[in-house]
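Source file: final_37.cif (mmCIF, C-alpha atoms and all ligand atoms)
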```cif
data_query
loop_
_atom_site.group_PDB
_atom_site.id
_atom_site.type_symbol
_atom_site.label_atom_id
_atom_site.label_comp_id
_atom_site.auth_asym_id
_atom_site.auth_seq_id
_atom_site.Cartn_x
_atom_site.Cartn_y
_atom_site.Cartn_z
ATOM 1 C CA MET A 1 -12.498 -33.847 -30.077
ATOM 2 C CA SER A 2 -15.539 -31.590 -30.475
ATOM 3 C CA ASP A 3 -15.312 -28.248 -32.270
ATOM 4 C CA LYS A 4 -15.737 -26.481 -28.908
ATOM 5 C CA ASP A 5 -12.823 -28.377 -27.348
ATOM 6 C CA LYS A 6 -10.707 -27.670 -30.405
ATOM 7 C CA SER A 7 -11.388 -23.939 -30.286
ATOM 8 C CA THR A 8 -10.679 -23.883 -26.519
ATOM 9 C CA VAL A 9 -7.337 -25.607 -27.026
ATOM 10 C CA LEU A 10 -6.446 -23.222 -29.844
ATOM 11 C CA LEU A 11 -7.576 -20.160 -27.903
ATOM 12 C CA GLU A 12 -5.490 -21.141 -24.886
ATOM 13 C CA HIS A 13 -2.520 -21.815 -27.136
ATOM 14 C CA TYR A 14 -2.843 -18.356 -28.726
ATOM 15 C CA LEU A 15 -3.269 -16.646 -25.352
ATOM 16 C CA LYS A 16 -0.045 -18.286 -24.198
ATOM 17 C CA GLN A 17 1.741 -17.245 -27.380
ATOM 18 C CA LEU A 18 0.504 -13.692 -26.950
ATOM 19 C CA ARG A 19 1.602 -13.796 -23.293
ATOM 20 C CA LEU A 20 -1.778 -12.958 -21.823
ATOM 21 C CA PRO A 21 -1.758 -15.117 -18.660
ATOM 22 C CA THR A 22 -4.516 -13.221 -16.863
ATOM 23 C CA ILE A 23 -6.922 -13.515 -19.798
ATOM 24 C CA LEU A 24 -6.015 -17.198 -20.041
ATOM 25 C CA ARG A 25 -6.876 -17.660 -16.362
ATOM 26 C CA GLU A 26 -9.967 -15.494 -16.294
ATOM 27 C CA TYR A 27 -11.720 -15.762 -19.641
ATOM 28 C CA ALA A 28 -13.909 -18.716 -18.652
ATOM 29 C CA PRO A 29 -15.000 -17.633 -15.128
ATOM 30 C CA LEU A 30 -15.543 -14.047 -16.313
ATOM 31 C CA ALA A 31 -17.689 -15.330 -19.171
ATOM 32 C CA VAL A 32 -19.980 -16.929 -16.581
ATOM 33 C CA VAL A 33 -20.191 -13.652 -14.601
ATOM 34 C CA CYS A 34 -20.844 -11.617 -17.748
ATOM 35 C CA ARG A 35 -23.547 -14.017 -18.899
ATOM 36 C CA GLU A 36 -25.283 -13.581 -15.531
ATOM 37 C CA ASP A 37 -24.847 -9.776 -15.706
ATOM 38 C CA ARG A 38 -26.103 -9.810 -19.308
ATOM 39 C CA SER A 39 -22.995 -7.825 -20.262
ATOM 40 C CA ASP A 40 -22.390 -7.473 -23.996
ATOM 41 C CA PHE A 41 -19.252 -8.742 -25.763
ATOM 42 C CA PRO A 42 -17.342 -5.437 -25.757
ATOM 43 C CA THR A 43 -17.926 -5.145 -21.977
ATOM 44 C CA TYR A 44 -16.689 -8.703 -21.462
ATOM 45 C CA LEU A 45 -13.603 -7.987 -23.537
ATOM 46 C CA LEU A 46 -13.037 -4.676 -21.768
ATOM 47 C CA ARG A 47 -13.158 -6.298 -18.329
ATOM 48 C CA LEU A 48 -10.790 -9.044 -19.441
ATOM 49 C CA THR A 49 -8.236 -6.678 -20.962
ATOM 50 C CA GLU A 50 -8.418 -4.384 -17.930
ATOM 51 C CA ARG A 51 -7.532 -7.288 -15.665
ATOM 52 C CA GLU A 52 -4.616 -8.255 -17.901
ATOM 53 C CA LEU A 53 -3.348 -4.678 -17.870
ATOM 54 C CA LEU A 54 -3.635 -4.318 -14.084
ATOM 55 C CA ASP A 55 -1.879 -7.635 -13.499
ATOM 56 C CA ARG A 56 0.821 -6.685 -15.966
ATOM 57 C CA GLU A 57 1.457 -3.413 -14.126
ATOM 58 C CA LYS A 58 1.560 -5.274 -10.826
ATOM 59 C CA ARG A 59 4.062 -7.804 -12.169
ATOM 60 C CA ALA A 60 6.220 -5.024 -13.613
ATOM 61 C CA ALA A 61 6.195 -3.168 -10.269
ATOM 62 C CA GLU A 62 7.218 -6.372 -8.471
ATOM 63 C CA ARG A 63 10.053 -6.828 -10.973
ATOM 64 C CA ARG A 64 11.210 -3.257 -10.434
ATOM 65 C CA VAL A 65 11.200 -3.713 -6.634
ATOM 66 C CA LYS A 66 13.232 -6.910 -7.026
ATOM 67 C CA GLU A 67 15.665 -5.235 -9.394
ATOM 68 C CA ALA A 68 16.050 -2.248 -7.047
ATOM 69 C CA GLY A 69 17.719 -4.490 -4.446
ATOM 70 C CA PHE A 70 16.267 -2.876 -1.336
ATOM 71 C CA PRO A 71 17.814 -4.171 1.887
ATOM 72 C CA VAL A 72 14.353 -4.011 3.492
ATOM 73 C CA VAL A 73 11.021 -2.861 2.174
ATOM 74 C CA LYS A 74 9.922 0.123 4.254
ATOM 75 C CA THR A 75 7.022 2.440 3.704
ATOM 76 C CA ILE A 76 6.085 5.841 5.015
ATOM 77 C CA ASP A 77 3.058 4.337 6.807
ATOM 78 C CA THR A 78 5.291 2.637 9.338
ATOM 79 C CA PHE A 79 7.328 5.785 10.011
ATOM 80 C CA ASP A 80 6.597 7.618 13.254
ATOM 81 C CA PHE A 81 7.084 11.286 12.413
ATOM 82 C CA ARG A 82 6.651 12.323 16.059
ATOM 83 C CA ALA A 83 9.914 10.539 16.801
ATOM 84 C CA LEU A 84 11.787 12.791 14.343
ATOM 85 C CA PRO A 85 10.613 16.416 14.648
ATOM 86 C CA SER A 86 13.603 17.694 12.634
ATOM 87 C CA ILE A 87 12.334 16.093 9.415
ATOM 88 C CA ASN A 88 10.436 18.261 6.948
ATOM 89 C CA GLU A 89 7.313 16.101 6.705
ATOM 90 C CA PRO A 90 5.454 18.193 4.083
ATOM 91 C CA LEU A 91 8.517 18.068 1.804
ATOM 92 C CA LEU A 92 8.836 14.333 2.321
ATOM 93 C CA ARG A 93 5.188 13.770 1.450
ATOM 94 C CA GLU A 94 5.593 15.907 -1.655
ATOM 95 C CA LEU A 95 8.630 13.851 -2.682
ATOM 96 C CA MET A 96 6.519 10.701 -2.372
ATOM 97 C CA ARG A 97 4.808 11.838 -5.580
ATOM 98 C CA GLY A 98 8.096 11.319 -7.425
ATOM 99 C CA GLU A 99 8.045 14.487 -9.532
ATOM 100 C CA TYR A 100 11.591 15.292 -8.450
ATOM 101 C CA ILE A 101 12.685 12.298 -10.533
ATOM 102 C CA ASP A 102 11.114 13.730 -13.687
ATOM 103 C CA LYS A 103 12.997 16.973 -12.960
ATOM 104 C CA ARG A 104 16.218 15.031 -12.296
ATOM 105 C CA GLU A 105 16.519 16.551 -8.856
ATOM 106 C CA ASN A 106 18.435 14.927 -6.025
ATOM 107 C CA VAL A 107 17.499 14.123 -2.444
ATOM 108 C CA LEU A 108 19.903 14.199 0.454
ATOM 109 C CA PHE A 109 19.180 12.889 3.953
ATOM 110 C CA ILE A 110 21.633 14.233 6.495
ATOM 111 C CA GLY A 111 21.583 13.274 10.159
ATOM 112 C CA ASN A 112 23.011 11.143 12.892
ATOM 113 C CA SER A 113 22.752 7.380 13.021
ATOM 114 C CA GLY A 114 19.500 5.526 13.646
ATOM 115 C CA THR A 115 17.128 8.405 12.857
ATOM 116 C CA GLY A 116 15.377 6.659 9.971
ATOM 117 C CA LYS A 117 17.315 7.965 6.947
ATOM 118 C CA THR A 118 17.569 4.560 5.289
ATOM 119 C CA HIS A 119 13.942 3.843 6.177
ATOM 120 C CA LEU A 120 12.759 7.053 4.499
ATOM 121 C CA ALA A 121 15.062 6.649 1.493
ATOM 122 C CA CYS A 122 13.674 3.123 0.969
ATOM 123 C CA ALA A 123 10.109 4.414 1.367
ATOM 124 C CA LEU A 124 10.661 7.125 -1.268
ATOM 125 C CA ALA A 125 12.414 4.736 -3.619
ATOM 126 C CA PHE A 126 9.735 2.089 -3.148
ATOM 127 C CA ALA A 127 7.057 4.652 -4.004
ATOM 128 C CA ALA A 128 9.032 5.555 -7.138
ATOM 129 C CA CYS A 129 9.051 1.861 -8.166
ATOM 130 C CA ALA A 130 5.292 1.671 -7.735
ATOM 131 C CA GLN A 131 4.986 4.715 -9.999
ATOM 132 C CA GLY A 132 6.802 2.919 -12.790
ATOM 133 C CA ARG A 133 10.272 4.332 -12.239
ATOM 134 C CA LYS A 134 13.412 2.244 -12.360
ATOM 135 C CA VAL A 135 15.310 2.385 -9.112
ATOM 136 C CA ARG A 136 18.561 0.904 -7.844
ATOM 137 C CA PHE A 137 19.652 0.825 -4.221
ATOM 138 C CA HIS A 138 23.333 0.611 -3.255
ATOM 139 C CA THR A 139 25.245 1.223 -0.099
ATOM 140 C CA VAL A 140 27.995 3.688 -0.930
ATOM 141 C CA SER A 141 30.691 1.266 0.213
ATOM 142 C CA GLY A 142 29.102 -1.576 -1.794
ATOM 143 C CA LEU A 143 28.983 0.523 -4.925
ATOM 144 C CA VAL A 144 32.556 1.765 -4.521
ATOM 145 C CA THR A 145 33.754 -1.830 -4.082
ATOM 146 C CA GLU A 146 31.845 -2.846 -7.221
ATOM 147 C CA LEU A 147 33.255 0.110 -9.157
ATOM 148 C CA LEU A 148 36.795 -0.794 -8.117
ATOM 149 C CA GLU A 149 36.256 -4.447 -9.107
ATOM 150 C CA CYS A 150 34.788 -3.447 -12.454
ATOM 151 C CA ARG A 151 37.733 -1.183 -13.122
ATOM 152 C CA GLU A 152 40.117 -4.047 -12.375
ATOM 153 C CA GLU A 153 38.223 -6.267 -14.786
ATOM 154 C CA ARG A 154 37.846 -3.571 -17.420
ATOM 155 C CA ARG A 155 34.071 -3.557 -17.321
ATOM 156 C CA LEU A 156 33.597 -0.138 -15.775
ATOM 157 C CA GLN A 157 31.835 1.291 -18.824
ATOM 158 C CA ARG A 158 29.331 -1.547 -18.732
ATOM 159 C CA LEU A 159 28.549 -0.797 -15.085
ATOM 160 C CA HIS A 160 28.108 2.922 -15.818
ATOM 161 C CA LYS A 161 25.771 2.046 -18.678
ATOM 162 C CA GLN A 162 23.784 -0.219 -16.334
ATOM 163 C CA LEU A 163 23.535 2.528 -13.719
ATOM 164 C CA GLU A 164 22.380 4.995 -16.342
ATOM 165 C CA ARG A 165 19.336 2.860 -17.098
ATOM 166 C CA PHE A 166 17.845 3.801 -13.739
ATOM 167 C CA HIS A 167 15.753 6.869 -13.060
ATOM 168 C CA LEU A 168 16.806 6.967 -9.423
ATOM 169 C CA LEU A 169 19.981 5.750 -7.788
ATOM 170 C CA VAL A 170 19.947 5.459 -3.994
ATOM 171 C CA LEU A 171 23.360 5.656 -2.352
ATOM 172 C CA ASP A 172 23.025 4.743 1.296
ATOM 173 C CA GLU A 173 25.446 5.545 4.107
ATOM 174 C CA LEU A 174 28.005 7.929 2.826
ATOM 175 C CA GLY A 175 30.518 8.654 5.490
ATOM 176 C CA TYR A 176 31.013 5.554 7.562
ATOM 177 C CA VAL A 177 34.062 4.342 5.687
ATOM 178 C CA PRO A 178 36.666 6.614 4.054
ATOM 179 C CA PHE A 179 37.577 5.809 0.442
ATOM 180 C CA SER A 180 40.835 5.226 -1.309
ATOM 181 C CA ARG A 181 41.707 7.898 -3.841
ATOM 182 C CA ALA A 182 40.590 5.648 -6.708
ATOM 183 C CA GLY A 183 37.350 4.854 -4.883
ATOM 184 C CA ALA A 184 36.578 8.543 -4.360
ATOM 185 C CA GLU A 185 37.255 9.314 -8.009
ATOM 186 C CA LEU A 186 34.987 6.494 -9.167
ATOM 187 C CA LEU A 187 32.209 7.683 -6.868
ATOM 188 C CA PHE A 188 32.659 11.189 -8.212
ATOM 189 C CA GLU A 189 32.212 9.826 -11.718
ATOM 190 C CA VAL A 190 28.882 8.247 -10.757
ATOM 191 C CA VAL A 191 27.662 11.568 -9.326
ATOM 192 C CA SER A 192 28.996 13.450 -12.297
ATOM 193 C CA ARG A 193 27.287 11.150 -14.830
ATOM 194 C CA ALA A 194 24.027 11.331 -12.884
ATOM 195 C CA TYR A 195 24.083 15.107 -12.972
ATOM 196 C CA GLU A 196 21.102 16.280 -15.025
ATOM 197 C CA HIS A 197 20.633 12.750 -16.330
ATOM 198 C CA HIS A 198 18.942 10.941 -13.444
ATOM 199 C CA SER A 199 18.209 11.491 -9.766
ATOM 200 C CA LEU A 200 20.430 10.562 -6.860
ATOM 201 C CA MET A 201 19.291 9.987 -3.307
ATOM 202 C CA ILE A 202 22.047 9.940 -0.721
ATOM 203 C CA THR A 203 21.901 9.288 2.996
ATOM 204 C CA THR A 204 24.758 10.419 5.208
ATOM 205 C CA ASN A 205 25.703 11.055 8.798
ATOM 206 C CA LEU A 206 28.265 13.637 7.693
ATOM 207 C CA PRO A 207 27.731 17.399 7.632
ATOM 208 C CA PHE A 208 29.123 18.919 4.406
ATOM 209 C CA GLU A 209 32.249 20.239 6.159
ATOM 210 C CA GLU A 210 33.343 16.677 6.818
ATOM 211 C CA TRP A 211 32.829 15.197 3.358
ATOM 212 C CA ALA A 212 36.355 16.065 2.274
ATOM 213 C CA GLU A 213 37.722 13.803 5.011
ATOM 214 C CA VAL A 214 35.947 10.744 3.574
ATOM 215 C CA MET A 215 36.586 11.682 -0.031
ATOM 216 C CA GLY A 216 40.223 12.417 0.736
ATOM 217 C CA SER A 217 40.335 15.547 -1.439
ATOM 218 C CA GLU A 218 38.965 19.075 -1.040
ATOM 219 C CA ARG A 219 38.928 19.630 -4.791
ATOM 220 C CA LEU A 220 36.981 16.461 -5.595
ATOM 221 C CA THR A 221 34.541 17.075 -2.745
ATOM 222 C CA GLY A 222 33.907 20.628 -3.951
ATOM 223 C CA ALA A 223 33.146 19.408 -7.468
ATOM 224 C CA LEU A 224 30.975 16.572 -6.173
ATOM 225 C CA LEU A 225 28.943 18.801 -3.840
ATOM 226 C CA ASP A 226 28.553 21.344 -6.601
ATOM 227 C CA ARG A 227 26.844 18.803 -8.852
ATOM 228 C CA LEU A 228 24.939 17.027 -6.132
ATOM 229 C CA THR A 229 23.442 20.085 -4.481
ATOM 230 C CA HIS A 230 22.701 22.092 -7.627
ATOM 231 C CA ARG A 231 19.097 20.914 -7.666
ATOM 232 C CA CYS A 232 18.653 19.082 -4.434
ATOM 233 C CA HIS A 233 16.116 18.595 -1.655
ATOM 234 C CA ILE A 234 17.878 18.399 1.675
ATOM 235 C CA LEU A 235 16.145 16.638 4.550
ATOM 236 C CA GLU A 236 17.609 16.906 8.007
ATOM 237 C CA ALA A 237 17.197 13.844 10.172
ATOM 238 C CA ASN A 238 18.768 14.807 13.445
ATOM 239 C CA GLY A 239 17.540 13.476 16.734
ATOM 240 C CA GLU A 240 17.773 10.594 19.107
ATOM 241 C CA SER A 241 18.437 7.241 17.485
ATOM 242 C CA TYR A 242 15.135 5.386 17.089
ATOM 243 C CA ARG A 243 16.837 2.083 17.814
ATOM 244 C CA LEU A 244 18.382 3.489 20.997
ATOM 245 C CA ARG A 245 15.057 4.927 22.060
ATOM 246 C CA GLN A 246 13.308 1.567 21.531
ATOM 247 C CA ALA A 247 16.070 -0.205 23.430
ATOM 248 C CA LYS A 248 15.768 2.271 26.305
ATOM 249 C CA LYS A 249 11.998 1.801 26.394
ATOM 250 C CA GLN A 250 12.406 -1.971 26.599
ATOM 251 C CA LEU A 251 14.986 -1.637 29.327
ATOM 252 C CA TYR A 252 12.689 0.699 31.229
ATOM 253 C CA ARG A 253 9.764 -1.709 30.877
ATOM 254 C CA ARG A 254 11.890 -4.592 32.069
ATOM 255 C CA SER A 255 13.290 -2.733 35.045
ATOM 256 C CA SER A 256 9.981 -1.142 36.075
ATOM 257 C CA PRO A 257 8.751 -2.839 39.321
ATOM 258 C CA ASN A 258 5.171 -3.224 37.928
ATOM 259 C CA SER A 259 6.375 -5.384 35.092
ATOM 260 C CA ARG A 260 8.358 -7.638 37.420
ATOM 261 C CA PRO A 261 5.911 -8.740 40.116
ATOM 262 C CA GLU A 262 7.951 -11.856 40.685
ATOM 263 C CA GLN A 263 10.966 -9.813 41.739
ATOM 264 C CA LYS A 264 11.769 -10.075 45.430
ATOM 265 C CA GLN A 265 12.063 -6.861 47.387
ATOM 266 C CA VAL A 266 15.499 -6.629 48.887
ATOM 267 C CA GLN A 267 15.315 -5.416 52.452
ATOM 268 C CA PRO A 268 18.000 -3.000 53.534
HETATM 269 P P1 LIG B 1 19.597 5.517 9.756
HETATM 270 O O1 LIG B 1 19.658 5.102 8.346
HETATM 271 O O2 LIG B 1 19.270 6.961 9.953
HETATM 272 O O3 LIG B 1 20.818 5.113 10.541
HETATM 273 P P2 LIG B 1 17.484 3.550 9.859
HETATM 274 O O4 LIG B 1 16.581 4.021 8.803
HETATM 275 O O5 LIG B 1 18.354 2.383 9.547
HETATM 276 O O6 LIG B 1 18.374 4.744 10.433
HETATM 277 O O7 LIG B 1 16.601 3.230 11.152
HETATM 278 C C1 LIG B 1 16.972 2.248 12.124
HETATM 279 C C2 LIG B 1 15.753 1.380 12.451
HETATM 280 O O8 LIG B 1 14.796 2.158 13.155
HETATM 281 C C3 LIG B 1 15.051 0.872 11.215
HETATM 282 O O9 LIG B 1 14.539 -0.405 11.490
HETATM 283 C C4 LIG B 1 13.921 1.863 11.002
HETATM 284 O O10 LIG B 1 12.809 1.247 10.356
HETATM 285 C C5 LIG B 1 13.583 2.262 12.416
HETATM 286 N N1 LIG B 1 13.154 3.666 12.538
HETATM 287 C C6 LIG B 1 13.940 4.745 12.607
HETATM 288 N N2 LIG B 1 13.233 5.871 12.790
HETATM 289 C C7 LIG B 1 11.933 5.492 12.797
HETATM 290 C C8 LIG B 1 10.683 6.193 12.970
HETATM 291 N N3 LIG B 1 10.656 7.527 13.170
HETATM 292 N N4 LIG B 1 9.534 5.478 12.923
HETATM 293 C C9 LIG B 1 9.567 4.122 12.748
HETATM 294 N N5 LIG B 1 10.703 3.403 12.610
HETATM 295 C C10 LIG B 1 11.884 4.063 12.646
HETATM 296 MG MG MG B 2 21.157 4.117 7.334
#
```
Can you turn what I pasted into structure tokens?
Amino acid sequence: MSDKDKSTVLLEHYLKQLRLPTILREYAPLAVVCREDRSDFPTYLLRLTERELLDREKRAAERRVKEAGFPVVKTIDTFDFRALPSINEPLLRELMRGEYIDKRENVLFIGNSGTGKTHLACALAFAACAQGRKVRFHTVSGLVTELLECREERRLQRLHKQLERFHLLVLDELGYVPFSRAGAELLFEVVSRAYEHHSLMITTNLPFEEWAEVMGSERLTGALLDRLTHRCHILEANGESYRLRQAKKQLYRRSSPNSRPEQKQVQP
């Protein structure tokens, strides 16, 4: 083996040990480019390390998105704001910057079903992931079930510790299913622990007056709302269900005579 081969083998071995996969992949082709550009050694090294850093950030963001457990990946670009005039678009765009998470503020989407609350919550949370924040998405009923199971198995503290690692906790769909007393208390504990520690984002179809019905206790609801709304951005998402509107449009298109030229005219 020539000296050159030996040094290449060693270099690649070291790059693997140092976990620098992008440099490992790119050092040879970039050397060719830099030779053609007549770039000096520091420039070559700078370009290599920049690529490693960018790739590393990209991989970390992908990991965070995976860990967040989004049901679907939605972005603000695919949201049609004209379909939801009740939403405060400037506030939403400001929240996309994620500063509310640094200030440990909460976000609450309130509105009827199908108006894009989950879509927007996912879009905000996805943006937070891209900004380097740790996010976890749960449906409220899923989280309550998990909390109850963990309590049964005496690993509730571990779950709370896990939840506390996140900068933002998304709790989707509060209000569809009422809780047992234990479930409501466990949910309250999550909100209470999050208070001033990390941000919560909740979507719900319930106006505040009706929260007590789902929580099963006026006292607990009062304490929960107190903590949740202390520093909170509230976004109203009331309007016609987007799904329903799309379905109606399709129905209209199908039943319109122009789109059905093959249809026979029925004579009276
Ligand atoms: P909600 O959580 O309020 O019940 P979703 O966010 O689940 O509603 O929205 C239902 C479906 O309609 C989703 O596929 C969502 O992407 C889509 N949708 C809702 N509103 C809009 C909108 N204004 N623009 C684009 N897609 C929308
Ligand atoms: Mg929803």
*So what does the PyMOL selection byres (((not hetatm)) within 7 of (chain B and resi 1)) actually pick up in this one, as a count of residues only?*
20
_Interatomic distance, CA of Leu148 (chain A) to CA of Glu105 (chain A) (Å, one decimal)_ = 26.7 Å
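Checking A:Glu218, A:Glu94, A:Glu240, A:Glu173 one by one against ligand MG 2 (chain B), counting only C-alpha atoms and all ligand atoms, you find the shortest gap at A:Glu173.
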Within 10 Å of Thr49 (chain A) using only C-alpha atoms, minus same-chain residues under 6 positions, as a compact mmCIF listing (two decimals) with C-alpha atoms, in the frame of the given file:
```txt
# COMPACT_ATOMS: atom_id res chain seq x y z
CA LEU A 20 -1.78 -12.96 -21.82
CA THR A 22 -4.52 -13.22 -16.86
CA ILE A 23 -6.92 -13.52 -19.80
CA TYR A 27 -11.72 -15.76 -19.64
CA THR A 43 -17.93 -5.14 -21.98
CA ASP A 55 -1.88 -7.64 -13.50
```
Any chance you could work out the axis-aligned box around region 240-250 of chain A, listed atoms only, 8 Å on each side, giving centre and edge lengths in Å to one decimal, as JSON?
```
{"center_x": 15.2, "center_y": 4.3, "center_z": 21.8, "size_x": 22.4, "size_y": 28.6, "size_z": 25.5}
```
Could region 150-158 of chain A be completed with all heavy atoms and returned as a PDB file, keeping the file's coordinate frame?
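Saved the output as out_19.pdb:
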```pdb
ATOM      1  N   CYS A 150      35.070  -3.573 -11.019  1.00  0.00           N
ATOM      2  CA  CYS A 150      34.788  -3.447 -12.454  1.00  0.00           C
ATOM      3  C   CYS A 150      35.958  -2.787 -13.179  1.00  0.00           C
ATOM      4  O   CYS A 150      36.273  -3.128 -14.313  1.00  0.00           O
ATOM      5  CB  CYS A 150      33.519  -2.641 -12.682  1.00  0.00           C
ATOM      6  SG  CYS A 150      32.054  -3.590 -12.330  1.00  0.00           S
ATOM      7  N   ARG A 151      36.595  -1.849 -12.484  1.00  0.00           N
ATOM      8  CA  ARG A 151      37.733  -1.183 -13.122  1.00  0.00           C
ATOM      9  C   ARG A 151      38.878  -2.177 -13.327  1.00  0.00           C
ATOM     10  O   ARG A 151      39.507  -2.232 -14.389  1.00  0.00           O
ATOM     11  CB  ARG A 151      38.192  -0.004 -12.261  1.00  0.00           C
ATOM     12  CG  ARG A 151      39.046   0.975 -13.025  1.00  0.00           C
ATOM     13  CD  ARG A 151      39.550   2.050 -12.152  1.00  0.00           C
ATOM     14  NE  ARG A 151      40.316   1.466 -11.037  1.00  0.00           N
ATOM     15  CZ  ARG A 151      41.295   2.084 -10.422  1.00  0.00           C
ATOM     16  NH1 ARG A 151      41.630   3.302 -10.793  1.00  0.00           N
ATOM     17  NH2 ARG A 151      41.948   1.518  -9.440  1.00  0.00           N
ATOM     18  N   GLU A 152      39.101  -2.993 -12.278  1.00  0.00           N
ATOM     19  CA  GLU A 152      40.117  -4.047 -12.375  1.00  0.00           C
ATOM     20  C   GLU A 152      39.863  -4.932 -13.586  1.00  0.00           C
ATOM     21  O   GLU A 152      40.783  -5.294 -14.312  1.00  0.00           O
ATOM     22  CB  GLU A 152      40.045  -4.961 -11.132  1.00  0.00           C
ATOM     23  CG  GLU A 152      40.724  -4.437  -9.893  1.00  0.00           C
ATOM     24  CD  GLU A 152      42.223  -4.392 -10.029  1.00  0.00           C
ATOM     25  OE1 GLU A 152      42.802  -5.481 -10.141  1.00  0.00           O
ATOM     26  OE2 GLU A 152      42.793  -3.285 -10.048  1.00  0.00           O
ATOM     27  N   GLU A 153      38.581  -5.287 -13.743  1.00  0.00           N
ATOM     28  CA  GLU A 153      38.223  -6.267 -14.786  1.00  0.00           C
ATOM     29  C   GLU A 153      37.832  -5.601 -16.095  1.00  0.00           C
ATOM     30  O   GLU A 153      37.255  -6.257 -16.972  1.00  0.00           O
ATOM     31  CB  GLU A 153      37.079  -7.161 -14.271  1.00  0.00           C
ATOM     32  CG  GLU A 153      37.499  -8.005 -13.085  1.00  0.00           C
ATOM     33  CD  GLU A 153      36.309  -8.526 -12.284  1.00  0.00           C
ATOM     34  OE1 GLU A 153      35.182  -8.488 -12.790  1.00  0.00           O
ATOM     35  OE2 GLU A 153      36.537  -8.949 -11.137  1.00  0.00           O
ATOM     36  N   ARG A 154      38.121  -4.350 -16.203  1.00  0.00           N
ATOM     37  CA  ARG A 154      37.846  -3.571 -17.420  1.00  0.00           C
ATOM     38  C   ARG A 154      36.387  -3.656 -17.881  1.00  0.00           C
ATOM     39  O   ARG A 154      36.106  -3.851 -19.060  1.00  0.00           O
ATOM     40  CB  ARG A 154      38.768  -4.028 -18.577  1.00  0.00           C
ATOM     41  CG  ARG A 154      40.211  -3.813 -18.285  1.00  0.00           C
ATOM     42  CD  ARG A 154      41.084  -4.158 -19.448  1.00  0.00           C
ATOM     43  NE  ARG A 154      42.462  -3.853 -19.136  1.00  0.00           N
ATOM     44  CZ  ARG A 154      43.005  -2.651 -19.211  1.00  0.00           C
ATOM     45  NH1 ARG A 154      42.278  -1.627 -19.614  1.00  0.00           N
ATOM     46  NH2 ARG A 154      44.267  -2.455 -18.909  1.00  0.00           N
ATOM     47  N   ARG A 155      35.485  -3.610 -16.898  1.00  0.00           N
ATOM     48  CA  ARG A 155      34.071  -3.557 -17.321  1.00  0.00           C
ATOM     49  C   ARG A 155      33.360  -2.390 -16.642  1.00  0.00           C
ATOM     50  O   ARG A 155      32.173  -2.435 -16.348  1.00  0.00           O
ATOM     51  CB  ARG A 155      33.341  -4.887 -17.106  1.00  0.00           C
ATOM     52  CG  ARG A 155      33.607  -5.559 -15.824  1.00  0.00           C
ATOM     53  CD  ARG A 155      33.003  -6.938 -15.725  1.00  0.00           C
ATOM     54  NE  ARG A 155      33.220  -7.425 -14.374  1.00  0.00           N
ATOM     55  CZ  ARG A 155      32.384  -7.230 -13.385  1.00  0.00           C
ATOM     56  NH1 ARG A 155      31.256  -6.599 -13.567  1.00  0.00           N
ATOM     57  NH2 ARG A 155      32.664  -7.679 -12.170  1.00  0.00           N
ATOM     58  N   LEU A 156      34.138  -1.334 -16.424  1.00  0.00           N
ATOM     59  CA  LEU A 156      33.597  -0.138 -15.775  1.00  0.00           C
ATOM     60  C   LEU A 156      32.522   0.549 -16.631  1.00  0.00           C
ATOM     61  O   LEU A 156      31.484   0.967 -16.131  1.00  0.00           O
ATOM     62  CB  LEU A 156      34.748   0.830 -15.505  1.00  0.00           C
ATOM     63  CG  LEU A 156      34.493   1.931 -14.490  1.00  0.00           C
ATOM     64  CD1 LEU A 156      34.002   1.366 -13.171  1.00  0.00           C
ATOM     65  CD2 LEU A 156      35.758   2.750 -14.268  1.00  0.00           C
ATOM     66  N   GLN A 157      32.800   0.618 -17.934  1.00  0.00           N
ATOM     67  CA  GLN A 157      31.835   1.291 -18.824  1.00  0.00           C
ATOM     68  C   GLN A 157      30.489   0.574 -18.800  1.00  0.00           C
ATOM     69  O   GLN A 157      29.445   1.215 -18.817  1.00  0.00           O
ATOM     70  CB  GLN A 157      32.368   1.341 -20.267  1.00  0.00           C
ATOM     71  CG  GLN A 157      33.483   2.336 -20.465  1.00  0.00           C
ATOM     72  CD  GLN A 157      33.167   3.712 -19.861  1.00  0.00           C
ATOM     73  OE1 GLN A 157      32.087   4.249 -20.048  1.00  0.00           O
ATOM     74  NE2 GLN A 157      34.112   4.263 -19.115  1.00  0.00           N
ATOM     75  N   ARG A 158      30.582  -0.758 -18.746  1.00  0.00           N
ATOM     76  CA  ARG A 158      29.331  -1.547 -18.732  1.00  0.00           C
ATOM     77  C   ARG A 158      28.526  -1.223 -17.476  1.00  0.00           C
ATOM     78  O   ARG A 158      27.321  -1.045 -17.522  1.00  0.00           O
ATOM     79  CB  ARG A 158      29.664  -3.037 -18.787  1.00  0.00           C
ATOM     80  CG  ARG A 158      28.560  -3.803 -19.497  1.00  0.00           C
ATOM     81  CD  ARG A 158      28.754  -5.302 -19.484  1.00  0.00           C
ATOM     82  NE  ARG A 158      30.115  -5.730 -19.756  1.00  0.00           N
ATOM     83  CZ  ARG A 158      30.601  -6.897 -19.335  1.00  0.00           C
ATOM     84  NH1 ARG A 158      29.845  -7.714 -18.627  1.00  0.00           N
ATOM     85  NH2 ARG A 158      31.834  -7.248 -19.625  1.00  0.00           N
TER      86      ARG A 158
END
```
